[in-house]
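Have a look at input-v7.txt; it's compact mmCIF, N, CA and C atoms:
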```
# COMPACT_ATOMS: atom_id res chain seq x y z
N MET I 1 -50.34 91.78 153.26
CA MET I 1 -51.33 90.90 153.88
C MET I 1 -52.57 91.70 154.24
N GLU I 2 -53.71 91.13 153.90
CA GLU I 2 -54.96 91.78 154.26
C GLU I 2 -55.18 91.70 155.77
N ARG I 3 -55.89 92.67 156.27
CA ARG I 3 -56.16 92.70 157.70
C ARG I 3 -57.08 91.55 158.13
N LEU I 4 -58.07 91.22 157.28
CA LEU I 4 -59.03 90.17 157.60
C LEU I 4 -59.06 89.15 156.48
N GLU I 5 -58.96 87.89 156.86
CA GLU I 5 -59.03 86.78 155.89
C GLU I 5 -60.10 85.80 156.36
N ILE I 6 -60.97 85.39 155.43
CA ILE I 6 -62.02 84.40 155.72
C ILE I 6 -61.76 83.20 154.82
N ARG I 7 -61.63 82.01 155.43
CA ARG I 7 -61.37 80.80 154.65
C ARG I 7 -61.60 79.58 155.53
N PRO I 8 -61.74 78.40 154.90
CA PRO I 8 -61.81 77.18 155.69
C PRO I 8 -60.49 76.98 156.44
N PRO I 9 -60.54 76.38 157.62
CA PRO I 9 -59.29 76.16 158.36
C PRO I 9 -58.46 75.06 157.72
N ALA I 10 -57.15 75.26 157.75
CA ALA I 10 -56.23 74.18 157.37
C ALA I 10 -56.27 73.14 158.49
N GLU I 11 -55.82 71.95 158.18
CA GLU I 11 -55.84 70.85 159.16
C GLU I 11 -55.23 71.27 160.50
N GLU I 12 -54.08 71.95 160.43
CA GLU I 12 -53.39 72.34 161.66
C GLU I 12 -54.07 73.50 162.39
N GLU I 13 -55.09 74.10 161.80
CA GLU I 13 -55.80 75.21 162.43
C GLU I 13 -57.09 74.79 163.13
N CYS I 14 -57.46 73.53 163.01
CA CYS I 14 -58.71 73.05 163.62
C CYS I 14 -58.68 73.17 165.14
N ALA I 15 -57.53 73.02 165.76
CA ALA I 15 -57.43 73.17 167.21
C ALA I 15 -57.75 74.61 167.61
N PHE I 16 -57.29 75.59 166.83
CA PHE I 16 -57.63 76.99 167.11
C PHE I 16 -59.13 77.22 166.96
N ALA I 17 -59.73 76.63 165.93
CA ALA I 17 -61.17 76.77 165.72
C ALA I 17 -61.93 76.22 166.94
N ALA I 18 -61.52 75.06 167.42
CA ALA I 18 -62.18 74.47 168.59
C ALA I 18 -62.03 75.35 169.82
N GLU I 19 -60.86 75.98 169.98
CA GLU I 19 -60.66 76.88 171.11
C GLU I 19 -61.57 78.09 171.03
N ILE I 20 -61.76 78.64 169.83
CA ILE I 20 -62.68 79.77 169.66
C ILE I 20 -64.09 79.35 170.03
N GLU I 21 -64.52 78.20 169.52
CA GLU I 21 -65.86 77.72 169.84
C GLU I 21 -66.04 77.53 171.34
N LYS I 22 -65.07 76.89 171.98
CA LYS I 22 -65.17 76.62 173.42
C LYS I 22 -65.24 77.92 174.23
N ALA I 23 -64.48 78.93 173.80
CA ALA I 23 -64.47 80.21 174.52
C ALA I 23 -65.76 80.99 174.36
N CYS I 24 -66.50 80.73 173.28
CA CYS I 24 -67.66 81.59 172.97
C CYS I 24 -69.02 80.90 173.00
N LEU I 25 -69.06 79.58 172.86
CA LEU I 25 -70.34 78.91 172.63
C LEU I 25 -70.61 77.78 173.62
N SER I 26 -71.86 77.68 174.04
CA SER I 26 -72.25 76.54 174.86
C SER I 26 -72.44 75.29 174.01
N THR I 27 -72.57 75.49 172.70
CA THR I 27 -72.76 74.38 171.76
C THR I 27 -71.50 74.14 170.94
N ALA I 28 -70.34 74.33 171.56
CA ALA I 28 -69.06 74.26 170.85
C ALA I 28 -68.80 72.88 170.27
N TRP I 29 -68.19 72.87 169.10
CA TRP I 29 -67.73 71.65 168.47
C TRP I 29 -66.34 71.33 169.00
N SER I 30 -66.03 70.05 169.05
CA SER I 30 -64.68 69.62 169.42
C SER I 30 -63.75 69.72 168.21
N GLU I 31 -62.47 69.65 168.45
CA GLU I 31 -61.51 69.64 167.35
C GLU I 31 -61.79 68.47 166.41
N ARG I 32 -62.11 67.33 166.97
CA ARG I 32 -62.41 66.14 166.15
C ARG I 32 -63.63 66.38 165.27
N GLN I 33 -64.69 66.99 165.82
CA GLN I 33 -65.88 67.27 165.02
C GLN I 33 -65.56 68.24 163.88
N ILE I 34 -64.72 69.20 164.14
CA ILE I 34 -64.35 70.16 163.10
C ILE I 34 -63.55 69.46 162.01
N ARG I 35 -62.61 68.61 162.41
CA ARG I 35 -61.77 67.90 161.43
C ARG I 35 -62.57 66.92 160.57
N THR I 36 -63.58 66.28 161.15
CA THR I 36 -64.31 65.21 160.47
C THR I 36 -65.69 65.65 160.00
N ARG I 37 -65.89 66.95 159.84
CA ARG I 37 -67.20 67.46 159.42
C ARG I 37 -67.58 66.88 158.06
N SER I 38 -68.87 66.82 157.81
CA SER I 38 -69.36 66.24 156.56
C SER I 38 -69.15 67.21 155.40
N PRO I 39 -69.17 66.69 154.18
CA PRO I 39 -69.02 67.56 153.00
C PRO I 39 -70.16 68.58 152.86
N GLU I 40 -71.28 68.32 153.50
CA GLU I 40 -72.42 69.24 153.45
C GLU I 40 -72.28 70.39 154.45
N THR I 41 -71.20 70.40 155.20
CA THR I 41 -70.97 71.44 156.20
C THR I 41 -69.95 72.44 155.69
N VAL I 42 -70.33 73.71 155.73
CA VAL I 42 -69.40 74.80 155.44
C VAL I 42 -68.80 75.20 156.77
N TYR I 43 -67.49 75.24 156.86
CA TYR I 43 -66.82 75.69 158.08
C TYR I 43 -65.78 76.72 157.68
N LEU I 44 -65.92 77.92 158.24
CA LEU I 44 -65.03 79.03 157.91
C LEU I 44 -64.38 79.58 159.17
N MET I 45 -63.16 80.07 158.99
CA MET I 45 -62.45 80.76 160.07
C MET I 45 -62.12 82.17 159.61
N ALA I 46 -62.13 83.07 160.57
CA ALA I 46 -61.69 84.44 160.33
C ALA I 46 -60.35 84.63 161.00
N PHE I 47 -59.44 85.28 160.27
CA PHE I 47 -58.11 85.59 160.80
C PHE I 47 -57.94 87.11 160.72
N TRP I 48 -57.71 87.74 161.86
CA TRP I 48 -57.47 89.17 161.93
C TRP I 48 -55.97 89.39 162.05
N GLU I 49 -55.38 89.96 161.02
CA GLU I 49 -53.94 90.17 160.97
C GLU I 49 -53.18 88.88 161.29
N GLY I 50 -53.70 87.77 160.77
CA GLY I 50 -53.08 86.47 160.94
C GLY I 50 -53.49 85.69 162.17
N ALA I 51 -54.17 86.34 163.12
CA ALA I 51 -54.58 85.67 164.36
C ALA I 51 -55.98 85.08 164.22
N PRO I 52 -56.20 83.83 164.65
CA PRO I 52 -57.54 83.26 164.63
C PRO I 52 -58.49 84.11 165.47
N ALA I 53 -59.60 84.53 164.87
CA ALA I 53 -60.49 85.47 165.53
C ALA I 53 -61.94 85.02 165.61
N GLY I 54 -62.39 84.18 164.67
CA GLY I 54 -63.79 83.78 164.67
C GLY I 54 -64.02 82.57 163.80
N VAL I 55 -65.21 81.98 163.96
CA VAL I 55 -65.60 80.80 163.20
C VAL I 55 -67.08 80.86 162.82
N LEU I 56 -67.41 80.13 161.78
CA LEU I 56 -68.80 79.98 161.35
C LEU I 56 -68.95 78.57 160.81
N SER I 57 -70.07 77.92 161.14
CA SER I 57 -70.39 76.63 160.54
C SER I 57 -71.85 76.64 160.10
N ALA I 58 -72.10 75.96 158.99
CA ALA I 58 -73.46 75.86 158.45
C ALA I 58 -73.61 74.50 157.80
N SER I 59 -74.80 73.94 157.90
CA SER I 59 -75.13 72.67 157.28
C SER I 59 -76.04 72.96 156.09
N LEU I 60 -75.75 72.34 154.96
CA LEU I 60 -76.48 72.62 153.73
C LEU I 60 -77.14 71.37 153.17
N SER I 61 -78.30 71.58 152.56
CA SER I 61 -78.96 70.53 151.78
C SER I 61 -79.30 71.15 150.42
N LEU I 62 -79.96 70.41 149.58
CA LEU I 62 -80.37 70.97 148.29
C LEU I 62 -81.43 72.05 148.45
N TYR I 63 -82.17 72.01 149.55
CA TYR I 63 -83.35 72.85 149.69
C TYR I 63 -83.17 74.02 150.65
N ASP I 64 -82.25 73.88 151.61
CA ASP I 64 -82.06 74.97 152.57
C ASP I 64 -80.73 74.78 153.30
N GLY I 65 -80.45 75.72 154.16
CA GLY I 65 -79.25 75.64 154.97
C GLY I 65 -79.57 76.06 156.38
N GLU I 66 -78.69 75.68 157.30
CA GLU I 66 -78.85 76.09 158.69
C GLU I 66 -77.51 76.59 159.20
N LEU I 67 -77.52 77.82 159.67
CA LEU I 67 -76.34 78.38 160.32
C LEU I 67 -76.27 77.72 161.69
N LEU I 68 -75.20 76.99 161.94
CA LEU I 68 -75.07 76.23 163.18
C LEU I 68 -74.38 77.04 164.28
N ASN I 69 -73.22 77.57 163.97
CA ASN I 69 -72.44 78.32 164.95
C ASN I 69 -71.80 79.53 164.29
N LEU I 70 -71.77 80.63 165.02
CA LEU I 70 -71.06 81.83 164.61
C LEU I 70 -70.48 82.42 165.88
N ALA I 71 -69.16 82.57 165.92
CA ALA I 71 -68.51 83.06 167.14
C ALA I 71 -67.30 83.91 166.77
N VAL I 72 -67.14 85.00 167.50
CA VAL I 72 -65.97 85.87 167.37
C VAL I 72 -65.42 86.08 168.77
N LEU I 73 -64.12 85.87 168.93
CA LEU I 73 -63.49 86.08 170.23
C LEU I 73 -63.71 87.52 170.70
N PRO I 74 -63.95 87.72 172.00
CA PRO I 74 -64.23 89.07 172.51
C PRO I 74 -63.21 90.13 172.11
N ALA I 75 -61.94 89.78 172.06
CA ALA I 75 -60.90 90.76 171.71
C ALA I 75 -61.02 91.26 170.27
N PHE I 76 -61.76 90.54 169.43
CA PHE I 76 -61.87 90.91 168.02
C PHE I 76 -63.26 91.41 167.63
N ARG I 77 -64.15 91.53 168.58
CA ARG I 77 -65.51 91.99 168.27
C ARG I 77 -65.50 93.47 167.90
N GLY I 78 -66.49 93.86 167.10
CA GLY I 78 -66.60 95.25 166.68
C GLY I 78 -65.74 95.60 165.48
N LYS I 79 -65.18 94.60 164.82
CA LYS I 79 -64.31 94.83 163.66
C LYS I 79 -64.96 94.35 162.36
N GLY I 80 -66.22 93.95 162.41
CA GLY I 80 -66.90 93.48 161.20
C GLY I 80 -66.63 92.03 160.86
N ILE I 81 -66.08 91.28 161.80
CA ILE I 81 -65.69 89.89 161.53
C ILE I 81 -66.92 88.99 161.35
N ALA I 82 -67.92 89.14 162.21
CA ALA I 82 -69.12 88.31 162.07
C ALA I 82 -69.79 88.57 160.72
N GLN I 83 -69.86 89.83 160.32
CA GLN I 83 -70.44 90.17 159.01
C GLN I 83 -69.62 89.53 157.89
N ALA I 84 -68.31 89.59 157.98
CA ALA I 84 -67.45 89.01 156.96
C ALA I 84 -67.62 87.48 156.89
N LEU I 85 -67.78 86.84 158.04
CA LEU I 85 -68.02 85.40 158.04
C LEU I 85 -69.34 85.07 157.35
N LEU I 86 -70.39 85.84 157.63
CA LEU I 86 -71.68 85.62 156.95
C LEU I 86 -71.52 85.80 155.44
N GLU I 87 -70.83 86.85 155.03
CA GLU I 87 -70.63 87.09 153.60
C GLU I 87 -69.83 85.95 152.96
N GLY I 88 -68.87 85.40 153.70
CA GLY I 88 -68.13 84.24 153.21
C GLY I 88 -69.04 83.04 153.02
N LEU I 89 -70.00 82.87 153.91
CA LEU I 89 -70.98 81.80 153.77
C LEU I 89 -71.85 82.03 152.55
N TYR I 90 -72.34 83.26 152.38
CA TYR I 90 -73.23 83.55 151.24
C TYR I 90 -72.56 83.20 149.91
N LEU I 91 -71.26 83.41 149.81
CA LEU I 91 -70.54 83.09 148.58
C LEU I 91 -70.50 81.59 148.30
N ARG I 92 -70.69 80.79 149.34
CA ARG I 92 -70.56 79.34 149.20
C ARG I 92 -71.90 78.61 149.13
N ILE I 93 -73.00 79.33 149.18
CA ILE I 93 -74.31 78.65 149.21
C ILE I 93 -75.20 79.06 148.04
N GLU I 94 -74.60 79.41 146.95
CA GLU I 94 -75.38 79.81 145.78
C GLU I 94 -76.38 78.72 145.41
N GLY I 95 -77.60 79.13 145.13
CA GLY I 95 -78.64 78.20 144.73
C GLY I 95 -79.47 77.67 145.88
N ILE I 96 -79.08 77.91 147.11
CA ILE I 96 -79.88 77.48 148.25
C ILE I 96 -80.86 78.61 148.57
N PRO I 97 -82.18 78.33 148.51
CA PRO I 97 -83.16 79.42 148.59
C PRO I 97 -83.40 80.01 149.98
N GLU I 98 -83.09 79.26 151.04
CA GLU I 98 -83.34 79.80 152.37
C GLU I 98 -82.34 79.27 153.38
N LEU I 99 -82.08 80.11 154.37
CA LEU I 99 -81.12 79.81 155.42
C LEU I 99 -81.80 80.05 156.76
N PHE I 100 -81.68 79.10 157.68
CA PHE I 100 -82.30 79.20 159.00
C PHE I 100 -81.22 79.30 160.07
N LEU I 101 -81.60 79.78 161.24
CA LEU I 101 -80.72 79.79 162.40
C LEU I 101 -81.56 79.95 163.66
N GLU I 102 -80.97 79.57 164.78
CA GLU I 102 -81.55 79.85 166.09
C GLU I 102 -80.61 80.80 166.81
N VAL I 103 -81.19 81.75 167.52
CA VAL I 103 -80.40 82.71 168.30
C VAL I 103 -81.07 82.88 169.65
N ALA I 104 -80.27 82.97 170.70
CA ALA I 104 -80.81 83.13 172.05
C ALA I 104 -81.64 84.41 172.11
N GLU I 105 -82.77 84.30 172.78
CA GLU I 105 -83.68 85.44 172.91
C GLU I 105 -83.00 86.66 173.51
N SER I 106 -82.00 86.45 174.36
CA SER I 106 -81.31 87.55 175.03
C SER I 106 -80.11 88.09 174.24
N ASN I 107 -79.77 87.47 173.12
CA ASN I 107 -78.59 87.87 172.36
C ASN I 107 -78.95 88.95 171.34
N PHE I 108 -79.14 90.16 171.85
CA PHE I 108 -79.58 91.27 171.00
C PHE I 108 -78.56 91.67 169.94
N PRO I 109 -77.24 91.67 170.24
CA PRO I 109 -76.28 92.01 169.17
C PRO I 109 -76.37 91.05 167.98
N ALA I 110 -76.49 89.75 168.25
CA ALA I 110 -76.60 88.77 167.17
C ALA I 110 -77.92 88.97 166.41
N GLN I 111 -79.00 89.22 167.12
CA GLN I 111 -80.27 89.45 166.44
C GLN I 111 -80.19 90.64 165.49
N ARG I 112 -79.55 91.72 165.94
CA ARG I 112 -79.39 92.90 165.08
C ARG I 112 -78.57 92.57 163.84
N LEU I 113 -77.49 91.80 164.02
CA LEU I 113 -76.66 91.39 162.89
C LEU I 113 -77.49 90.60 161.89
N TYR I 114 -78.25 89.64 162.37
CA TYR I 114 -79.05 88.80 161.47
C TYR I 114 -80.14 89.61 160.78
N GLU I 115 -80.80 90.50 161.50
CA GLU I 115 -81.83 91.34 160.89
C GLU I 115 -81.22 92.23 159.81
N LYS I 116 -80.04 92.78 160.07
CA LYS I 116 -79.33 93.60 159.09
C LYS I 116 -79.01 92.79 157.82
N ASN I 117 -78.88 91.49 157.97
CA ASN I 117 -78.59 90.60 156.85
C ASN I 117 -79.83 89.99 156.22
N GLY I 118 -81.00 90.49 156.55
CA GLY I 118 -82.22 90.05 155.90
C GLY I 118 -82.92 88.87 156.54
N PHE I 119 -82.51 88.47 157.75
CA PHE I 119 -83.21 87.40 158.46
C PHE I 119 -84.43 87.99 159.17
N SER I 120 -85.49 87.21 159.25
CA SER I 120 -86.65 87.62 160.03
C SER I 120 -87.05 86.47 160.96
N THR I 121 -87.65 86.83 162.07
CA THR I 121 -88.07 85.84 163.05
C THR I 121 -89.31 85.12 162.54
N VAL I 122 -89.25 83.79 162.52
CA VAL I 122 -90.38 83.00 162.03
C VAL I 122 -90.90 82.01 163.07
N GLY I 123 -90.28 81.98 164.26
CA GLY I 123 -90.74 81.07 165.29
C GLY I 123 -89.91 81.19 166.55
N ARG I 124 -90.26 80.35 167.50
CA ARG I 124 -89.58 80.33 168.80
C ARG I 124 -89.42 78.87 169.21
N ARG I 125 -88.27 78.57 169.79
CA ARG I 125 -88.02 77.23 170.34
C ARG I 125 -87.89 77.37 171.85
N LYS I 126 -88.87 76.86 172.55
CA LYS I 126 -88.91 76.96 174.02
C LYS I 126 -87.76 76.18 174.65
N GLY I 127 -87.04 76.83 175.54
CA GLY I 127 -85.97 76.17 176.29
C GLY I 127 -84.83 75.63 175.46
N PHE I 128 -84.63 76.14 174.26
CA PHE I 128 -83.62 75.62 173.33
C PHE I 128 -82.21 75.73 173.89
N TYR I 129 -81.92 76.82 174.57
CA TYR I 129 -80.61 77.03 175.20
C TYR I 129 -80.74 76.85 176.71
N GLY I 130 -80.86 75.61 177.12
CA GLY I 130 -81.07 75.34 178.55
C GLY I 130 -82.44 75.85 178.93
N GLY I 131 -82.49 76.86 179.78
CA GLY I 131 -83.76 77.43 180.18
C GLY I 131 -84.20 78.61 179.34
N GLU I 132 -83.40 78.98 178.35
CA GLU I 132 -83.71 80.16 177.55
C GLU I 132 -84.27 79.79 176.18
N ASP I 133 -85.29 80.54 175.77
CA ASP I 133 -85.87 80.33 174.45
C ASP I 133 -84.92 80.81 173.36
N ALA I 134 -85.09 80.23 172.18
CA ALA I 134 -84.36 80.68 170.99
C ALA I 134 -85.37 81.21 169.99
N LEU I 135 -84.97 82.23 169.27
CA LEU I 135 -85.76 82.71 168.15
C LEU I 135 -85.29 81.96 166.91
N LEU I 136 -86.24 81.46 166.13
CA LEU I 136 -85.93 80.82 164.86
C LEU I 136 -86.01 81.92 163.80
N MET I 137 -84.92 82.08 163.07
CA MET I 137 -84.87 83.14 162.06
C MET I 137 -84.61 82.51 160.69
N LYS I 138 -85.06 83.22 159.65
CA LYS I 138 -84.95 82.70 158.29
C LYS I 138 -84.61 83.83 157.33
N LYS I 139 -83.77 83.52 156.35
CA LYS I 139 -83.43 84.45 155.27
C LYS I 139 -83.74 83.73 153.97
N GLU I 140 -84.40 84.45 153.07
CA GLU I 140 -84.72 83.90 151.75
C GLU I 140 -84.03 84.72 150.68
N TRP I 141 -83.66 84.03 149.59
CA TRP I 141 -83.08 84.73 148.45
C TRP I 141 -84.06 84.73 147.31
```
Once more with this new file: its structure as structure tokens, please.
Amino acid sequence: MERLEIRPPAEEECAFAAEIEKACLSTAWSERQIRTRSPETVYLMAFWEGAPAGVLSASLSLYDGELLNLAVLPAFRGKGIAQALLEGLYLRIEGIPELFLEVAESNFPAQRLYEKNGFSTVGRRKGFYGGEDALLMKKEW
């Protein structure tokens, strides 16, 4: 068994995905939202040695994509899981020329990850996360 596996969640794993989102994100999806996501949504889970460790969701159109959520449980951070989730997304979005995301202005680790992956800041959304601004970032292929 590989140490890290990235794949869409099986039906019975959607509850674990929702728990990861709830533990890590203020914009968490419910189990129902994860189960009933649209076909235009990529939803991936990371499993570290079989244990649910992280999630990623992105919405796609013919012209662009938007990274919606990326979360790794604190116990699994620092193992390359967020990077692996991004790479799993890249494999599934061939032909989409640009990918957007919002990241909290204070979330420096996430900003570094995105910059390392070729994202650049193209704007700011005032008060996007409650009282905190978000940086709008974009990656082009």
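Here CA of Ala17 (chain I) is placed at a distance of 17.8 Å from atom C of Leu89 (chain I).
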Please return as a PDB file with N, CA and C atoms, keeping the file's coordinate frame: the residues of region 110-139 of chain I that backbone DSSP assigns to strand (DSSP E or B).
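result.pdb was written with the following content:
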```
ATOM      1  N   SER I 120     -85.490  87.210 159.250  1.00  0.00           N
ATOM      2  CA  SER I 120     -86.650  87.620 160.030  1.00  0.00           C
ATOM      3  C   SER I 120     -87.050  86.470 160.960  1.00  0.00           C
ATOM      4  N   THR I 121     -87.650  86.830 162.070  1.00  0.00           N
ATOM      5  CA  THR I 121     -88.070  85.840 163.050  1.00  0.00           C
ATOM      6  C   THR I 121     -89.310  85.120 162.540  1.00  0.00           C
ATOM      7  N   VAL I 122     -89.250  83.790 162.520  1.00  0.00           N
ATOM      8  CA  VAL I 122     -90.380  83.000 162.030  1.00  0.00           C
ATOM      9  C   VAL I 122     -90.900  82.010 163.070  1.00  0.00           C
ATOM     10  N   GLY I 123     -90.280  81.980 164.260  1.00  0.00           N
ATOM     11  CA  GLY I 123     -90.740  81.070 165.290  1.00  0.00           C
ATOM     12  C   GLY I 123     -89.910  81.190 166.550  1.00  0.00           C
ATOM     13  N   ARG I 124     -90.260  80.350 167.500  1.00  0.00           N
ATOM     14  CA  ARG I 124     -89.580  80.330 168.800  1.00  0.00           C
ATOM     15  C   ARG I 124     -89.420  78.870 169.210  1.00  0.00           C
ATOM     16  N   ARG I 125     -88.270  78.570 169.790  1.00  0.00           N
ATOM     17  CA  ARG I 125     -88.020  77.230 170.340  1.00  0.00           C
ATOM     18  C   ARG I 125     -87.890  77.370 171.850  1.00  0.00           C
ATOM     19  N   LYS I 126     -88.870  76.860 172.550  1.00  0.00           N
ATOM     20  CA  LYS I 126     -88.910  76.960 174.020  1.00  0.00           C
ATOM     21  C   LYS I 126     -87.760  76.180 174.650  1.00  0.00           C
ATOM     22  N   GLY I 127     -87.040  76.830 175.540  1.00  0.00           N
ATOM     23  CA  GLY I 127     -85.970  76.170 176.290  1.00  0.00           C
ATOM     24  C   GLY I 127     -84.830  75.630 175.460  1.00  0.00           C
ATOM     25  N   PHE I 128     -84.630  76.140 174.260  1.00  0.00           N
ATOM     26  CA  PHE I 128     -83.620  75.620 173.330  1.00  0.00           C
ATOM     27  C   PHE I 128     -82.210  75.730 173.890  1.00  0.00           C
ATOM     28  N   TYR I 129     -81.920  76.820 174.570  1.00  0.00           N
ATOM     29  CA  TYR I 129     -80.610  77.030 175.200  1.00  0.00           C
ATOM     30  C   TYR I 129     -80.740  76.850 176.710  1.00  0.00           C
ATOM     31  N   GLU I 132     -83.400  78.980 178.350  1.00  0.00           N
ATOM     32  CA  GLU I 132     -83.710  80.160 177.550  1.00  0.00           C
ATOM     33  C   GLU I 132     -84.270  79.790 176.180  1.00  0.00           C
ATOM     34  N   ASP I 133     -85.290  80.540 175.770  1.00  0.00           N
ATOM     35  CA  ASP I 133     -85.870  80.330 174.450  1.00  0.00           C
ATOM     36  C   ASP I 133     -84.920  80.810 173.360  1.00  0.00           C
ATOM     37  N   ALA I 134     -85.090  80.230 172.180  1.00  0.00           N
ATOM     38  CA  ALA I 134     -84.360  80.680 170.990  1.00  0.00           C
ATOM     39  C   ALA I 134     -85.370  81.210 169.990  1.00  0.00           C
ATOM     40  N   LEU I 135     -84.970  82.230 169.270  1.00  0.00           N
ATOM     41  CA  LEU I 135     -85.760  82.710 168.150  1.00  0.00           C
ATOM     42  C   LEU I 135     -85.290  81.960 166.910  1.00  0.00           C
ATOM     43  N   LEU I 136     -86.240  81.460 166.130  1.00  0.00           N
ATOM     44  CA  LEU I 136     -85.930  80.820 164.860  1.00  0.00           C
ATOM     45  C   LEU I 136     -86.010  81.920 163.800  1.00  0.00           C
ATOM     46  N   MET I 137     -84.920  82.080 163.070  1.00  0.00           N
ATOM     47  CA  MET I 137     -84.870  83.140 162.060  1.00  0.00           C
ATOM     48  C   MET I 137     -84.610  82.510 160.690  1.00  0.00           C
ATOM     49  N   LYS I 138     -85.060  83.220 159.650  1.00  0.00           N
ATOM     50  CA  LYS I 138     -84.950  82.700 158.290  1.00  0.00           C
ATOM     51  C   LYS I 138     -84.610  83.830 157.330  1.00  0.00           C
ATOM     52  N   LYS I 139     -83.770  83.520 156.350  1.00  0.00           N
ATOM     53  CA  LYS I 139     -83.430  84.450 155.270  1.00  0.00           C
ATOM     54  C   LYS I 139     -83.740  83.730 153.970  1.00  0.00           C
TER      55      LYS I 139
END
```
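Of the residues under consideration (I:Arg32, I:Lys138, I:Ala23, I:Met45), I:Met45 shows the shortest atom-to-atom contact distance to Pro9 (chain I) when counting only C-alpha atoms.
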Next on the checklist: Counting only N, CA and C atoms, which residue out of I:Pro74, I:Thr27, I:Ala134, I:Ala84 sits closest to Ala104 (chain I)?
Outcome noted: I:Ala134
Checklist entry - Suppose you want the space between CA of Val72 (chain I) and atom C of Trp141 (chain I); what is it in Å? => result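 Answer for the CA of Val72 (chain I) to atom C of Trp141 (chain I) separation: 27.0 Å.
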Item to check | Near-region 118-126 of chain I list (8 Å; only N, CA and C atoms; drop same-chain fewer than 4 positions) as a PyMOL selection string | outcome: chain I and resi 99+102+112-114+130-140
Grab the residues selected above and save them as a CSV table (one decimal), in the coordinates of the input with N, CA and C atoms.
```csv
chain,number,residue,atom,x,y,z
I,99,LEU,N,-82.1,80.1,154.4
I,99,LEU,CA,-81.1,79.8,155.4
I,99,LEU,C,-81.8,80.0,156.8
I,102,GLU,N,-81.0,79.6,164.8
I,102,GLU,CA,-81.6,79.8,166.1
I,102,GLU,C,-80.6,80.8,166.8
I,112,ARG,N,-79.6,91.7,165.9
I,112,ARG,CA,-79.4,92.9,165.1
I,112,ARG,C,-78.6,92.6,163.8
I,113,LEU,N,-77.5,91.8,164.0
I,113,LEU,CA,-76.7,91.4,162.9
I,113,LEU,C,-77.5,90.6,161.9
I,114,TYR,N,-78.2,89.6,162.4
I,114,TYR,CA,-79.0,88.8,161.5
I,114,TYR,C,-80.1,89.6,160.8
I,130,GLY,N,-80.9,75.6,177.1
I,130,GLY,CA,-81.1,75.3,178.6
I,130,GLY,C,-82.4,75.8,178.9
I,131,GLY,N,-82.5,76.9,179.8
I,131,GLY,CA,-83.8,77.4,180.2
I,131,GLY,C,-84.2,78.6,179.3
I,132,GLU,N,-83.4,79.0,178.4
I,132,GLU,CA,-83.7,80.2,177.6
I,132,GLU,C,-84.3,79.8,176.2
I,133,ASP,N,-85.3,80.5,175.8
I,133,ASP,CA,-85.9,80.3,174.4
I,133,ASP,C,-84.9,80.8,173.4
I,134,ALA,N,-85.1,80.2,172.2
I,134,ALA,CA,-84.4,80.7,171.0
I,134,ALA,C,-85.4,81.2,170.0
I,135,LEU,N,-85.0,82.2,169.3
I,135,LEU,CA,-85.8,82.7,168.2
I,135,LEU,C,-85.3,82.0,166.9
I,136,LEU,N,-86.2,81.5,166.1
I,136,LEU,CA,-85.9,80.8,164.9
I,136,LEU,C,-86.0,81.9,163.8
I,137,MET,N,-84.9,82.1,163.1
I,137,MET,CA,-84.9,83.1,162.1
I,137,MET,C,-84.6,82.5,160.7
I,138,LYS,N,-85.1,83.2,159.6
I,138,LYS,CA,-85.0,82.7,158.3
I,138,LYS,C,-84.6,83.8,157.3
I,139,LYS,N,-83.8,83.5,156.4
I,139,LYS,CA,-83.4,84.4,155.3
I,139,LYS,C,-83.7,83.7,154.0
I,140,GLU,N,-84.4,84.4,153.1
I,140,GLU,CA,-84.7,83.9,151.8
I,140,GLU,C,-84.0,84.7,150.7
```
Checklist entry - Taking (-65.7, 82.3, 175.1) in the file's coordinates, which residues come within 9 Å, counting only C-alpha atoms, written as number ranges by chain? => result I: 19-26, 71-74
Next on the checklist: Here is a test: counting all atoms listed in the file, which residue of I:Trp29, I:Trp48, I:Tyr43, I:Phe128 is nearest to Glu5 (chain I)?
Outcome noted: I:Trp48
Checklist entry - CA of Ile6 (chain I) and CA of Gly80 (chain I), how far apart in Å? => result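 We find that CA of Gly80 (chain I) and CA of Ile6 (chain I) lie 11.7 Å from each other.
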Next on the checklist: as a count of residues only, please: the residues near Leu67 (chain I) (cut-off 8 Å, only N, CA and C atoms, same-chain neighbours under 2 positions excluded).
Outcome noted: 13
Next on the checklist: Let me make sure I understand: among I:Glu11, I:Glu49, I:Glu98, I:Glu87, which one has the smallest atom-to-atom distance to Leu62 (chain I) if we use all atoms listed in the file?
Outcome noted: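 Nearest candidate to Leu62 (chain I) out of I:Glu11, I:Glu49, I:Glu98, I:Glu87: I:Glu98.
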Item to check | Which of region 24-128 of chain I fall in alpha helix (DSSP H), as a ChimeraX atom specification | outcome: /I:24,31-35,81-92,108-116
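In terms of minimum interatomic distance to Leu85 (chain I), I:Ala46 ranks closest within I:Ala51, I:Pro8, I:Ala46, I:Phe16, counting all atoms listed in the file.
Remark: for Arg35 (chain I), the closest of the candidate residues I:Ala110, I:Leu4, I:Cys14, I:Ile81 is I:Cys14 (distances computed over all atoms listed in the file).
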